[in-house]
$ cat coords-v5.tsv   # TSV, C-alpha atoms and all ligand atoms
chain	number	residue	atom	x	y	z
A	1336	MET	CA	-11.90	11.51	26.07
A	1337	GLU	CA	-9.67	14.34	27.19
A	1338	LEU	CA	-9.39	17.11	24.59
A	1339	THR	CA	-7.03	20.09	24.52
A	1340	LYS	CA	-8.59	23.55	24.34
A	1341	TYR	CA	-7.89	23.74	20.60
A	1342	GLU	CA	-9.47	20.33	20.05
A	1343	GLN	CA	-12.48	21.23	22.16
A	1344	ASP	CA	-12.89	24.48	20.21
A	1345	MET	CA	-12.77	22.57	16.94
A	1346	TYR	CA	-15.31	20.12	18.34
A	1347	ASP	CA	-17.57	23.00	19.38
A	1348	GLY	CA	-17.50	24.58	15.94
A	1349	GLU	CA	-15.24	27.56	16.65
A	1350	TYR	CA	-13.22	26.63	13.56
A	1351	GLY	CA	-16.17	25.91	11.32
A	1352	GLU	CA	-18.77	23.28	10.66
A	1353	GLY	CA	-16.42	21.00	8.69
A	1354	LYS	CA	-13.79	20.65	11.43
A	1355	ALA	CA	-16.55	20.20	14.03
A	1356	GLU	CA	-18.04	17.30	12.04
A	1357	CYS	CA	-14.62	15.70	11.64
A	1358	MET	CA	-13.90	16.01	15.38
A	1359	GLU	CA	-17.26	14.56	16.27
A	1360	ILE	CA	-16.64	11.46	14.14
A	1361	LEU	CA	-13.04	11.01	15.32
A	1362	VAL	CA	-13.97	11.42	18.99
A	1363	SER	CA	-16.73	8.82	18.57
A	1364	LEU	CA	-14.22	6.49	16.92
A	1365	GLY	CA	-11.76	7.09	19.74
A	1366	LYS	CA	-14.42	6.26	22.33
A	1367	ILE	CA	-15.09	2.92	20.65
A	1368	TYR	CA	-11.40	2.03	21.07
A	1369	ASP	CA	-11.04	3.57	24.54
A	1370	ALA	CA	-8.61	6.22	23.33
A	1371	PRO	CA	-7.81	8.54	26.26
A	1372	LYS	CA	-7.02	11.49	23.95
A	1373	MET	CA	-6.25	12.61	20.43
A	1374	ILE	CA	-2.68	12.68	19.14
A	1375	PRO	CA	-1.34	15.26	16.63
A	1376	ILE	CA	-0.32	13.72	13.30
A	1377	THR	CA	2.15	14.92	10.69
A	1378	SER	CA	0.79	13.30	7.55
A	1379	ALA	CA	-2.11	11.37	6.09
A	1380	GLN	CA	-2.60	8.95	3.23
A	1381	VAL	CA	-6.13	8.44	1.99
A	1382	SER	CA	-7.49	5.32	0.28
A	1383	GLY	CA	-10.86	5.20	-1.44
A	1384	VAL	CA	-9.90	7.17	-4.52
A	1385	SER	CA	-10.72	4.90	-7.45
A	1386	TYR	CA	-14.15	5.44	-8.96
A	1387	LYS	CA	-14.23	1.64	-9.37
A	1388	THR	CA	-14.19	1.14	-5.59
A	1389	ILE	CA	-16.03	4.20	-4.23
A	1390	GLY	CA	-18.51	4.94	-7.04
A	1391	ASP	CA	-20.89	7.91	-7.03
A	1392	ALA	CA	-21.45	7.77	-3.26
A	1393	GLY	CA	-17.71	8.31	-2.71
A	1394	LEU	CA	-17.65	11.13	-5.22
A	1395	ASP	CA	-20.56	12.83	-3.41
A	1396	PHE	CA	-18.78	12.44	-0.05
A	1397	VAL	CA	-15.65	14.17	-1.37
A	1398	VAL	CA	-17.58	16.98	-3.08
A	1399	ASP	CA	-19.66	17.54	0.06
A	1400	LEU	CA	-16.61	17.65	2.31
A	1401	GLY	CA	-14.91	20.08	-0.08
A	1402	LYS	CA	-17.57	22.66	0.75
A	1403	LYS	CA	-16.79	22.52	4.46
A	1404	ALA	CA	-13.10	22.11	5.36
A	1405	ASP	CA	-9.50	21.92	4.12
A	1406	VAL	CA	-6.75	19.54	5.15
A	1407	GLU	CA	-4.05	21.11	7.30
A	1408	LEU	CA	-1.08	18.82	6.69
A	1409	GLU	CA	0.74	16.67	4.10
A	1410	CYS	CA	-1.90	14.39	2.64
A	1411	MET	CA	-1.57	12.12	-0.39
A	1412	LEU	CA	-4.05	9.86	-2.15
A	1413	ASN	CA	-4.05	6.15	-2.90
A	1414	PRO	CA	-4.01	5.04	-6.55
A	1415	ALA	CA	-6.87	6.22	-8.74
A	1416	GLY	CA	-8.89	4.07	-11.13
A	1417	VAL	CA	-7.09	5.29	-14.21
A	1418	ASP	CA	-3.95	7.02	-15.44
A	1419	ILE	CA	-5.65	10.31	-16.16
A	1420	GLU	CA	-2.97	11.41	-18.64
A	1421	ASN	CA	-2.92	8.20	-20.70
A	1422	TRP	CA	-6.38	6.71	-20.22
A	1423	GLU	CA	-7.22	6.61	-23.91
A	1424	GLU	CA	-4.00	4.89	-24.96
A	1425	LEU	CA	-4.53	2.28	-22.23
A	1426	GLY	CA	-8.10	1.65	-23.38
A	1427	PHE	CA	-10.14	3.08	-20.48
A	1428	SER	CA	-13.46	4.81	-21.10
A	1429	GLU	CA	-13.97	8.56	-21.18
A	1430	GLU	CA	-16.99	8.28	-18.89
A	1431	PHE	CA	-14.99	6.47	-16.17
A	1432	THR	CA	-12.07	8.88	-16.56
A	1433	LYS	CA	-14.33	11.93	-16.16
A	1434	LYS	CA	-15.72	10.57	-12.89
A	1435	GLN	CA	-12.18	9.81	-11.72
A	1436	VAL	CA	-11.01	13.32	-12.56
A	1437	ASP	CA	-13.94	14.76	-10.57
A	1438	ILE	CA	-12.95	12.71	-7.51
A	1439	ILE	CA	-9.32	13.84	-7.71
A	1440	LYS	CA	-10.38	17.47	-8.22
A	1441	GLY	CA	-12.66	17.17	-5.19
A	1442	TYR	CA	-9.75	16.05	-3.03
A	1443	GLU	CA	-7.50	18.70	-4.55
A	1444	SER	CA	-10.03	21.41	-3.70
A	1445	ILE	CA	-9.52	20.73	0.01
A	1446	GLY	CA	-5.73	20.80	-0.20
A	1447	VAL	CA	-4.98	17.10	-0.68
A	1448	MET	CA	-1.98	16.53	-2.97
A	1449	SER	CA	-3.36	15.04	-6.15
A	1450	THR	CA	-0.60	12.51	-6.56
A	1451	CYS	CA	-2.14	9.05	-6.22
A	1452	THR	CA	0.15	6.36	-4.90
A	1453	CYS	CA	0.31	3.51	-2.41
A	1454	THR	CA	4.04	4.20	-1.89
A	1455	PRO	CA	3.94	7.82	-0.68
A	1456	TYR	CA	7.07	7.07	1.38
A	1457	LEU	CA	9.02	6.84	-1.92
A	1458	ILE	CA	8.10	10.34	-3.03
A	1459	GLY	CA	8.51	12.59	-0.02
A	1460	ASN	CA	5.69	11.65	2.35
A	1461	THR	CA	8.27	9.93	4.53
A	1462	PRO	CA	7.74	10.29	8.28
A	1463	MET	CA	10.49	9.79	10.84
A	1464	ILE	CA	10.59	6.99	13.40
A	1465	ASN	CA	7.98	7.46	16.19
A	1466	GLU	CA	6.07	10.10	14.22
A	1467	HIS	CA	2.29	9.73	14.41
A	1468	VAL	CA	0.45	9.63	11.08
A	1469	ALA	CA	-2.94	8.50	9.77
A	1470	TRP	CA	-2.54	6.29	6.72
A	1471	SER	CA	-5.10	3.98	5.19
A	1472	GLU	CA	-3.65	1.92	2.33
A	1473	SER	CA	-2.88	-1.40	4.02
A	1474	SER	CA	0.50	-2.01	2.36
A	1475	ALA	CA	1.64	1.55	3.13
A	1476	VAL	CA	0.44	1.18	6.73
A	1477	CYS	CA	2.53	-1.98	7.06
A	1478	TYR	CA	5.60	-0.31	5.54
A	1479	VAL	CA	5.43	2.92	7.52
A	1480	ASN	CA	4.91	1.11	10.83
A	1481	SER	CA	7.40	-1.69	10.26
A	1482	VAL	CA	10.21	-0.43	8.03
A	1483	ILE	CA	10.13	3.26	8.99
A	1484	GLY	CA	8.93	2.93	12.58
A	1485	ALA	CA	6.33	5.70	12.37
A	1486	ARG	CA	2.97	4.98	13.99
A	1487	THR	CA	-0.41	4.57	12.40
A	1488	ASN	CA	-3.44	2.40	12.77
A	1489	ARG	CA	-4.91	0.81	9.70
A	1490	GLU	CA	-7.24	3.73	9.00
A	1491	GLY	CA	-10.19	3.75	6.67
A	1492	GLY	CA	-9.99	6.33	3.88
A	1493	PRO	CA	-12.55	8.63	5.57
A	1494	SER	CA	-10.91	8.53	9.02
A	1495	ALA	CA	-7.49	9.33	7.51
A	1496	LEU	CA	-9.02	12.25	5.64
A	1497	LEU	CA	-10.82	13.55	8.72
A	1498	GLY	CA	-7.51	13.28	10.60
A	1499	ALA	CA	-5.83	15.38	7.91
A	1500	ILE	CA	-8.50	18.05	8.32
A	1501	VAL	CA	-8.11	18.39	12.09
A	1502	GLY	CA	-4.45	17.32	12.29
A	1503	ARG	CA	-5.27	14.64	14.86
A	1504	THR	CA	-6.19	11.00	15.25
A	1505	PRO	CA	-7.47	9.02	18.26
A	1506	TYR	CA	-4.61	7.74	20.42
A	1507	TYR	CA	-4.98	3.95	20.55
A	1508	GLY	CA	-3.63	0.77	18.93
A	1509	ASN	CA	-0.34	1.17	17.07
A	1510	HIS	CA	0.13	4.72	18.38
A	1511	LEU	CA	1.03	3.30	21.82
A	1512	LEU	CA	4.50	1.82	22.22
A	1513	GLU	CA	3.23	-1.02	24.42
A	1514	ASN	CA	1.06	-2.25	21.53
A	1515	ARG	CA	4.01	-2.53	19.17
A	1516	THR	CA	5.51	-5.71	20.60
A	1517	ALA	CA	5.53	-9.01	18.69
A	1518	ASP	CA	2.80	-11.68	18.96
A	1519	MET	CA	4.37	-14.66	17.23
A	1520	ILE	CA	7.89	-15.63	16.06
A	1521	PHE	CA	8.57	-17.02	12.58
A	1522	ASN	CA	11.93	-18.71	11.99
A	1523	VAL	CA	12.28	-18.76	8.25
A	1524	ASP	CA	14.35	-21.64	6.92
A	1525	ALA	CA	13.77	-20.88	3.27
A	1526	ASP	CA	15.12	-18.78	0.42
A	1527	ILE	CA	13.46	-15.37	0.59
A	1528	ASN	CA	15.78	-13.63	-1.87
A	1529	SER	CA	13.28	-13.11	-4.63
A	1530	ASP	CA	10.13	-11.09	-5.15
A	1531	ILE	CA	7.83	-14.10	-5.29
A	1532	ASN	CA	9.42	-15.96	-2.38
A	1533	ILE	CA	9.17	-13.01	-0.01
A	1534	GLY	CA	5.61	-12.32	-1.18
A	1535	ALA	CA	4.68	-15.95	-0.62
A	1536	LEU	CA	6.18	-15.76	2.88
A	1537	GLY	CA	4.01	-12.73	3.66
A	1538	TYR	CA	0.92	-14.33	2.19
A	1539	PHE	CA	1.47	-17.59	4.13
A	1540	VAL	CA	2.15	-15.85	7.45
A	1541	GLY	CA	-0.69	-13.34	7.02
A	1542	GLN	CA	-3.14	-16.24	6.94
A	1543	ILE	CA	-1.75	-17.53	10.25
A	1544	VAL	CA	-1.50	-14.29	12.20
A	1545	ASN	CA	-4.43	-12.27	10.80
A	1546	ASP	CA	-4.11	-8.88	12.58
A	1547	LYS	CA	-1.36	-9.92	15.01
A	1548	LYS	CA	2.26	-8.78	14.77
A	1549	PRO	CA	4.73	-11.33	13.39
A	1550	TYR	CA	8.43	-11.27	14.29
A	1551	PHE	CA	10.65	-12.75	11.58
A	1552	ARG	CA	14.07	-14.31	11.81
A	1553	LEU	CA	15.25	-14.37	8.20
A	1554	ASN	CA	18.47	-15.83	6.85
A	1555	SER	CA	19.30	-12.73	4.80
A	1556	ASN	CA	18.39	-9.05	4.48
A	1557	PRO	CA	15.54	-8.73	1.97
A	1558	GLY	CA	16.14	-5.04	1.18
A	1559	ARG	CA	13.55	-2.26	0.96
A	1560	ASN	CA	11.82	-3.40	-2.24
A	1561	ASN	CA	11.19	-6.88	-0.91
A	1562	LEU	CA	10.13	-5.58	2.52
A	1563	LYS	CA	7.52	-3.59	0.61
A	1564	LEU	CA	6.28	-6.82	-1.01
A	1565	LEU	CA	6.37	-8.67	2.31
A	1566	GLY	CA	4.19	-6.08	4.07
A	1567	ALA	CA	1.71	-5.86	1.20
A	1568	ALA	CA	1.24	-9.64	1.26
A	1569	LEU	CA	0.90	-9.78	5.07
A	1570	ALA	CA	-1.74	-7.07	4.92
A	1571	SER	CA	-3.72	-8.76	2.15
A	1572	SER	CA	-4.05	-12.38	3.30
A	1573	GLY	CA	-4.22	-11.14	6.90
A	1574	ALA	CA	-4.76	-7.70	8.38
A	1575	VAL	CA	-1.21	-7.14	9.58
A	1576	SER	CA	-0.30	-3.52	10.20
A	1577	LEU	CA	3.11	-4.01	11.86
A	1578	TYR	CA	5.82	-6.66	11.59
A	1579	HIS	CA	9.37	-6.95	12.86
A	1580	VAL	CA	12.45	-8.45	11.21
A	1581	GLU	CA	15.31	-9.30	13.54
A	1582	ASN	CA	18.34	-7.01	13.09
A	1583	ILE	CA	16.61	-5.17	10.27
A	1584	THR	CA	13.47	-3.23	11.16
A	1585	PRO	CA	13.81	-0.37	13.65
A	1586	GLU	CA	11.65	-1.71	16.48
A	1587	ALA	CA	12.71	-5.36	16.33
A	1588	ASP	CA	15.06	-4.88	19.28
A	1589	TYR	CA	12.26	-3.35	21.34
A	1590	ALA	CA	10.05	-6.36	20.55
A	1591	ARG	CA	12.87	-8.84	21.31
A	1592	VAL	CA	13.80	-7.47	24.74
A	1593	HIS	CA	10.18	-7.09	25.84
A	1594	GLU	CA	9.22	-9.35	28.75
A	1595	SER	CA	6.50	-11.05	26.68
A	1596	PHE	CA	8.93	-12.19	23.99
A	1597	ASP	CA	10.17	-15.41	25.61
A	1598	GLN	CA	6.63	-16.74	25.93
A	1599	LEU	CA	5.73	-16.30	22.27
A	1600	GLU	CA	4.82	-19.24	20.08
A	1601	GLU	CA	7.50	-20.02	17.47
A	1602	VAL	CA	6.78	-21.40	14.01
A	1603	THR	CA	9.30	-22.61	11.45
A	1604	ILE	CA	8.64	-21.76	7.83
A	1605	THR	CA	10.15	-24.16	5.31
A	1606	GLN	CA	10.87	-23.97	1.60
A	1607	LYS	CA	7.91	-26.33	1.09
A	1608	ASP	CA	5.56	-23.76	2.67
A	1609	ILE	CA	6.90	-21.09	0.31
A	1610	ASP	CA	6.77	-23.27	-2.81
A	1611	GLU	CA	3.23	-24.46	-2.10
A	1612	THR	CA	2.05	-20.90	-1.54
A	1613	ILE	CA	3.63	-19.79	-4.81
A	1614	SER	CA	1.77	-22.47	-6.75
A	1615	GLN	CA	-1.53	-21.68	-4.98
A	1616	LEU	CA	-1.29	-18.04	-5.98
A	1617	SER	CA	-1.48	-18.75	-9.74
A	1618	THR	CA	-4.97	-19.56	-11.02
A	1619	THR	CA	-3.95	-20.74	-14.51
A	1620	ASP	CA	-1.10	-22.26	-16.55
A	1621	LYS	CA	-1.88	-20.01	-19.52
A	1622	LEU	CA	0.54	-17.32	-20.59
A	1623	PRO	CA	-0.43	-13.83	-19.40
A	1624	ASP	CA	-1.66	-11.43	-22.05
A	1625	LEU	CA	-0.80	-8.53	-19.73
A	1626	VAL	CA	2.01	-8.40	-17.18
A	1627	CYS	CA	1.46	-5.82	-14.43
A	1628	LEU	CA	4.32	-4.98	-12.12
A	1629	GLY	CA	4.38	-2.40	-9.35
A	1630	CYS	CA	2.13	-3.64	-6.57
A	1631	PRO	CA	2.82	-1.78	-4.32
A	1632	HIS	CA	3.80	1.00	-6.72
A	1633	ALA	CA	7.27	0.45	-8.15
A	1634	SER	CA	10.35	2.16	-6.79
A	1635	ILE	CA	12.92	3.62	-9.16
A	1636	THR	CA	15.24	0.64	-8.59
A	1637	GLU	CA	12.48	-1.82	-9.47
A	1638	ILE	CA	11.91	0.11	-12.71
A	1639	GLN	CA	15.65	0.13	-13.34
A	1640	GLU	CA	15.67	-3.67	-12.99
A	1641	VAL	CA	12.90	-4.03	-15.58
A	1642	ALA	CA	14.67	-1.63	-17.94
A	1643	TYR	CA	17.84	-3.73	-17.73
A	1644	LEU	CA	15.85	-6.90	-18.39
A	1645	LEU	CA	14.23	-5.31	-21.46
A	1646	LYS	CA	17.33	-3.80	-23.06
A	1647	ASN	CA	17.41	-4.70	-26.78
A	1648	ARG	CA	14.35	-6.95	-26.47
A	1649	LYS	CA	10.82	-6.72	-27.86
A	1650	LEU	CA	7.64	-7.54	-26.00
A	1651	LYS	CA	5.02	-9.66	-27.71
A	1652	ARG	CA	2.39	-8.99	-25.05
A	1653	ASP	CA	1.51	-5.96	-22.97
A	1654	LEU	CA	3.50	-4.81	-19.97
A	1655	TRP	CA	2.49	-2.15	-17.45
A	1656	ILE	CA	4.66	-1.00	-14.60
A	1657	CYS	CA	2.48	0.84	-12.12
A	1658	THR	CA	4.00	3.66	-10.14
A	1659	SER	CA	3.47	7.25	-9.05
A	1660	LYS	CA	3.75	10.19	-11.47
A	1661	ALA	CA	6.86	11.31	-9.58
A	1662	ILE	CA	8.72	8.00	-9.98
A	1663	ASN	CA	7.59	7.85	-13.62
A	1664	SER	CA	9.16	11.23	-14.16
A	1665	ILE	CA	12.46	10.12	-12.56
A	1666	SER	CA	12.47	7.00	-14.74
A	1667	LYS	CA	12.15	9.28	-17.77
A	1668	GLN	CA	15.12	11.37	-16.63
A	1669	CYS	CA	17.18	8.22	-16.05
A	1670	GLY	CA	16.41	6.82	-19.52
A	1671	TYR	CA	14.52	3.79	-18.17
A	1672	LEU	CA	11.21	4.90	-19.66
A	1673	ASP	CA	12.82	5.05	-23.12
A	1674	ILE	CA	14.15	1.51	-22.83
A	1675	ILE	CA	10.82	0.19	-21.56
A	1676	GLU	CA	8.81	1.98	-24.25
A	1677	SER	CA	11.23	0.90	-27.00
A	1678	ALA	CA	10.57	-2.69	-25.98
A	1679	GLY	CA	6.82	-2.02	-26.15
A	1680	GLY	CA	6.05	-1.65	-22.43
A	1681	LYS	CA	4.39	1.19	-20.53
A	1682	ILE	CA	4.90	2.93	-17.23
A	1683	VAL	CA	1.42	3.63	-15.94
A	1684	SER	CA	1.01	6.45	-13.44
A	1685	ASP	CA	-1.13	6.81	-10.33
A	1686	THR	CA	-3.28	3.71	-10.82
A	1687	CYS	CA	-2.88	-0.06	-10.57
A	1688	MET	CA	-4.10	-3.43	-11.83
A	1689	VAL	CA	-6.45	-3.86	-8.87
A	1690	VAL	CA	-8.22	-0.51	-8.62
A	1691	ALA	CA	-8.39	0.14	-12.40
A	1692	PRO	CA	-11.29	-1.46	-14.33
A	1693	VAL	CA	-8.96	-3.84	-16.20
A	1694	GLU	CA	-11.87	-6.25	-16.53
A	1695	ASP	CA	-13.28	-3.85	-19.16
A	1696	LEU	CA	-10.19	-4.29	-21.35
A	1697	ASP	CA	-9.43	-7.22	-23.67
A	1698	TYR	CA	-7.30	-9.24	-21.27
A	1699	GLU	CA	-7.93	-12.66	-19.77
A	1700	VAL	CA	-4.78	-13.45	-17.81
A	1701	ILE	CA	-2.64	-11.02	-15.83
A	1702	GLY	CA	0.91	-11.86	-14.79
A	1703	VAL	CA	2.06	-10.36	-11.48
A	1704	ASN	CA	5.07	-10.65	-9.17
A	1705	SER	CA	3.11	-9.42	-6.14
A	1706	ALA	CA	1.29	-11.79	-3.80
A	1707	LYS	CA	-1.13	-8.99	-2.94
A	1708	ALA	CA	-2.03	-8.46	-6.60
A	1709	ALA	CA	-2.31	-12.23	-7.12
A	1710	ASN	CA	-4.71	-12.34	-4.17
A	1711	TYR	CA	-6.94	-9.49	-5.40
A	1712	VAL	CA	-6.95	-9.64	-9.21
A	1713	PRO	CA	-9.13	-12.79	-9.51
A	1714	ASN	CA	-11.83	-11.28	-7.27
A	1715	MET	CA	-11.62	-7.60	-8.11
A	1716	ALA	CA	-11.17	-8.06	-11.87
A	1717	ASN	CA	-12.58	-11.57	-12.33
A	1718	MET	CA	-9.49	-12.59	-14.30
A	1719	ASP	CA	-6.94	-15.36	-14.08
A	1720	VAL	CA	-3.57	-14.61	-12.64
A	1721	VAL	CA	-0.04	-15.96	-13.06
A	1722	TYR	CA	2.21	-15.36	-10.05
A	1723	ASP	CA	5.88	-15.46	-11.03
A	1724	SER	CA	9.13	-13.50	-10.72
A	1725	VAL	CA	9.85	-10.37	-12.74
A	1726	GLU	CA	12.51	-12.22	-14.72
A	1727	ASN	CA	10.22	-15.13	-15.61
A	1728	LEU	CA	7.26	-12.90	-16.45
A	1729	ILE	CA	9.40	-10.78	-18.76
A	1730	ASP	CA	10.77	-13.93	-20.42
A	1731	MET	CA	7.20	-15.20	-20.96
A	1732	ILE	CA	6.15	-12.10	-22.87
A	1733	THR	CA	9.27	-11.19	-24.85
A	1734	GLU	CA	10.17	-12.43	-28.36
A	1801	LIG	FE1	-0.96	-0.43	-4.46
A	1801	LIG	FE2	-2.84	-1.26	-6.03
A	1801	LIG	FE3	-1.16	-2.96	-5.02
A	1801	LIG	S1	-3.07	0.22	-4.44
A	1801	LIG	S2	-0.58	-2.11	-3.06
A	1801	LIG	S3	-0.65	-1.32	-6.44
A	1801	LIG	S4	-3.34	-3.26	-5.17

$ encode --input "coords-v5.tsv" --output "structure tokens" --more "lines below"
Ligand code: F3S
Amino acid sequence: MELTKYEQDMYDGEYGEGKAECMEILVSLGKIYDAPKMIPITSAQVSGVSYKTIGDAGLDFVVDLGKKADVELECMLNPAGVDIENWEELGFSEEFTKKQVDIIKGYESIGVMSTCTCTPYLIGNTPMINEHVAWSESSAVCYVNSVIGARTNREGGPSALLGAIVGRTPYYGNHLLENRTADMIFNVDADINSDINIGALGYFVGQIVNDKKPYFRLNSNPGRNNLKLLGAALASSGAVSLYHVENITPEADYARVHESFDQLEEVTITQKDIDETISQLSTTDKLPDLVCLGCPHASITEIQEVAYLLKNRKLKRDLWICTSKAINSISKQCGYLDIIESAGGKIVSDTCMVVAPVEDLDYEVIGVNSAKAANYVPNMANMDVVYDSVENLIDMITE
């Protein structure tokens, strides 16, 4: 692999042992994928933050790295295992919380921003089109590639972090324009104007394409919130890291005029496909005892929608809306937090229903409006799940 002088110096240890180790790993990774060089990146997003998923080995890795090198660019974390400001009220253990705080402090000690979210693009970590970044949360990777048009591979948490330390990532895969064309066309003849329908579409198509790049022809514009749900679902049932939506996403035109486009297989998606997927995603008919929204982390307009639905109503079961600390703080300023708390709900910061140890709490059934959450909750938390729209879930748990 061809390295610049600065990269070679980092590799040779001129900038310290930590950067040299990072370069060595990234160069080896690049060689596996035939990367001809490294490419400078402008931001990173690091998964592998929850103590539930990385355990003591992950904590040791972060502490060890903290002794050797700092990150040199904008770098945010994926959701943690607990809301570290409200863990007690939510019912999480002190022991778990302490471990989680140590992990976050470890990242913070090397210059990583300690905000923990899977929607960093909603709170300022928002690259421009064609910018190279190294992100690892699969739903965020899908969003930043597809909706923003920046370029990242589906990094692992460690490779994104190493990239943040040396400001580079191997140049292969989604970083190359010629790899950003479409692989399969989906003509969608179905209603996709709701959270659960668009999620079901993503879940259904993800199973078909796996890590290929779908090109959608939709009959309406889903909007940013639903594109977020679409990408998360595509990346959870499959391993999609980039999709195109005709006339909507920034590189759809590039994919459509590419010489390969006319030869692509076309598939029609019907309402039956969507409806069947929706029913498959619920594992029970029971009422949820906890409704968890915000997978991926909720935007301010999604929180606004819930606040409007809850105005002058009372919840009879628990409701969490998962989001970043920053969006939580905006929702407080806008008065949405007040409405939600008056109804008995909570906005939970910097964690989520999948990476938090919800299985340790007294819940049996979780209601979600995210196909990704519906996919993961039964396995990660060993609980039943109800997959339904925000409106229906709120109706199920209000007096
Ligand atoms: Fe985010 Fe957790 Fe869903 S990390 S995408 S809210 S599973």

$ residues_near_ligand --input "coords-v5.tsv" --ligand "ligand LIG 1801 (chain A)" --cutoff "8 Å" --atoms "all atoms listed in the file" --output "NGL selection string"
:A and (1413-1414 or 1452-1454 or 1472-1475 or 1567 or 1629-1632 or 1657-1658 or 1686-1690 or 1705 or 1707-1708 or 1711)

$ closest_atom_pairs --input "coords-v5.tsv" --of "segment 1563-1681 of chain A" --to "segment 1480-1500 of chain A" --cutoff "7 Å" --atoms "all atoms listed in the file" --output "JSON lines"
{"residue": "A:Ser1576", "atom": "CA", "partner": "A:Arg1489", "partner_atom": "CA", "distance": 6.3}
{"residue": "A:Leu1577", "atom": "CA", "partner": "A:Ser1481", "partner_atom": "CA", "distance": 5.1}
{"residue": "A:Tyr1578", "atom": "CA", "partner": "A:Ser1481", "partner_atom": "CA", "distance": 5.4}
{"residue": "A:His1579", "atom": "CA", "partner": "A:Ser1481", "partner_atom": "CA", "distance": 6.2}
{"residue": "A:Thr1584", "atom": "CA", "partner": "A:Val1482", "partner_atom": "CA", "distance": 5.3}
{"residue": "A:Pro1585", "atom": "CA", "partner": "A:Gly1484", "partner_atom": "CA", "distance": 6.0}
{"residue": "A:Glu1586", "atom": "CA", "partner": "A:Gly1484", "partner_atom": "CA", "distance": 6.6}

$ closest_residue --input "coords-v5.tsv" --among "A:Pro1623, A:Gly1416, A:Gly1558, A:Gly1502" --to "Tyr1698 of chain A" --atoms "only C-alpha atoms"
A:Pro1623

$ residues_around --input "coords-v5.tsv" --residues "Ile1419 of chain A" --least-positions-apart "6" --cutoff "10 Å" --atoms "only C-alpha atoms" --output "ChimeraX atom specification"
/A:1427,1429,1432-1433,1435-1436,1439,1683-1686

$ atom_distance --input "coords-v5.tsv" --atom1 "atom CA of Leu1565 of chain A" --atom2 "atom CA of Ala1633 of chain A"
13.9 Å

$ closest_residue --input "coords-v5.tsv" --among "A:Asn1545, A:Asn1509, A:Thr1504, A:Ser1617" --to "Leu1361 of chain A" --atoms "all atoms listed in the file"
A:Thr1504

$ residues_around --input "coords-v5.tsv" --residues "Val1693 of chain A" --least-positions-apart "6" --cutoff "10 Å" --atoms "all atoms listed in the file" --output "ChimeraX atom specification"
/A:1416-1417,1425-1427,1687,1699,1701,1712,1715-1718

$ atom_distance --input "coords-v5.tsv" --atom1 "atom CA of Ala1590 of chain A" --atom2 "atom CA of Arg1515 of chain A"
7.3 Å

$ residues_around --input "coords-v5.tsv" --residues "Lys1403 of chain A" --least-positions-apart "5" --cutoff "12 Å" --atoms "only C-alpha atoms" --output "PyMOL selection string"
chain A and resi 1348+1350-1357+1396-1398+1441+1444-1445+1497+1500

$ write_last_selection --input "coords-v5.tsv" --atoms "C-alpha atoms" --output "compact mmCIF listing (two decimals), keeping the file's coordinate frame"
# COMPACT_ATOMS: atom_id res chain seq x y z
CA GLY A 1348 -17.50 24.58 15.94
CA TYR A 1350 -13.22 26.63 13.56
CA GLY A 1351 -16.17 25.91 11.32
CA GLU A 1352 -18.77 23.28 10.66
CA GLY A 1353 -16.42 21.00 8.69
CA LYS A 1354 -13.79 20.65 11.43
CA ALA A 1355 -16.55 20.20 14.03
CA GLU A 1356 -18.04 17.30 12.04
CA CYS A 1357 -14.62 15.70 11.64
CA PHE A 1396 -18.78 12.44 -0.05
CA VAL A 1397 -15.65 14.17 -1.37
CA VAL A 1398 -17.58 16.98 -3.08
CA GLY A 1441 -12.66 17.17 -5.19
CA SER A 1444 -10.03 21.41 -3.70
CA ILE A 1445 -9.52 20.73 0.01
CA LEU A 1497 -10.82 13.55 8.72
CA ILE A 1500 -8.50 18.05 8.32

$ closest_residue --input "coords-v5.tsv" --among "A:Ile1656, A:Ile1458, A:Ala1469, A:Ala1691" --to "Ile1376 of chain A" --atoms "only C-alpha atoms"
A:Ala1469

$ build_atoms --input "coords-v5.tsv" --residues "segment 1524-1530 of chain A" --atoms "N, CA and C atoms" --output "PDB file, in the coordinates of the input"
ATOM      1  N   ASP A1524      13.284 -20.798   7.448  1.00  0.00           N
ATOM      2  CA  ASP A1524      14.350 -21.640   6.920  1.00  0.00           C
ATOM      3  C   ASP A1524      14.060 -21.877   5.437  1.00  0.00           C
ATOM      4  N   ALA A1525      14.124 -20.807   4.684  1.00  0.00           N
ATOM      5  CA  ALA A1525      13.770 -20.880   3.270  1.00  0.00           C
ATOM      6  C   ALA A1525      14.431 -19.718   2.545  1.00  0.00           C
ATOM      7  N   ASP A1526      14.535 -19.856   1.231  1.00  0.00           N
ATOM      8  CA  ASP A1526      15.120 -18.780   0.420  1.00  0.00           C
ATOM      9  C   ASP A1526      14.083 -17.668   0.263  1.00  0.00           C
ATOM     10  N   ILE A1527      14.414 -16.483   0.749  1.00  0.00           N
ATOM     11  CA  ILE A1527      13.460 -15.370   0.590  1.00  0.00           C
ATOM     12  C   ILE A1527      14.053 -14.260  -0.287  1.00  0.00           C
ATOM     13  N   ASN A1528      15.103 -14.653  -1.065  1.00  0.00           N
ATOM     14  CA  ASN A1528      15.780 -13.630  -1.870  1.00  0.00           C
ATOM     15  C   ASN A1528      15.172 -13.402  -3.240  1.00  0.00           C
ATOM     16  N   SER A1529      13.895 -13.478  -3.349  1.00  0.00           N
ATOM     17  CA  SER A1529      13.280 -13.110  -4.630  1.00  0.00           C
ATOM     18  C   SER A1529      11.925 -12.501  -4.328  1.00  0.00           C
ATOM     19  N   ASP A1530      11.421 -11.747  -5.309  1.00  0.00           N
ATOM     20  CA  ASP A1530      10.130 -11.090  -5.150  1.00  0.00           C
ATOM     21  C   ASP A1530       9.017 -12.083  -4.804  1.00  0.00           C
TER      22      ASP A1530
END
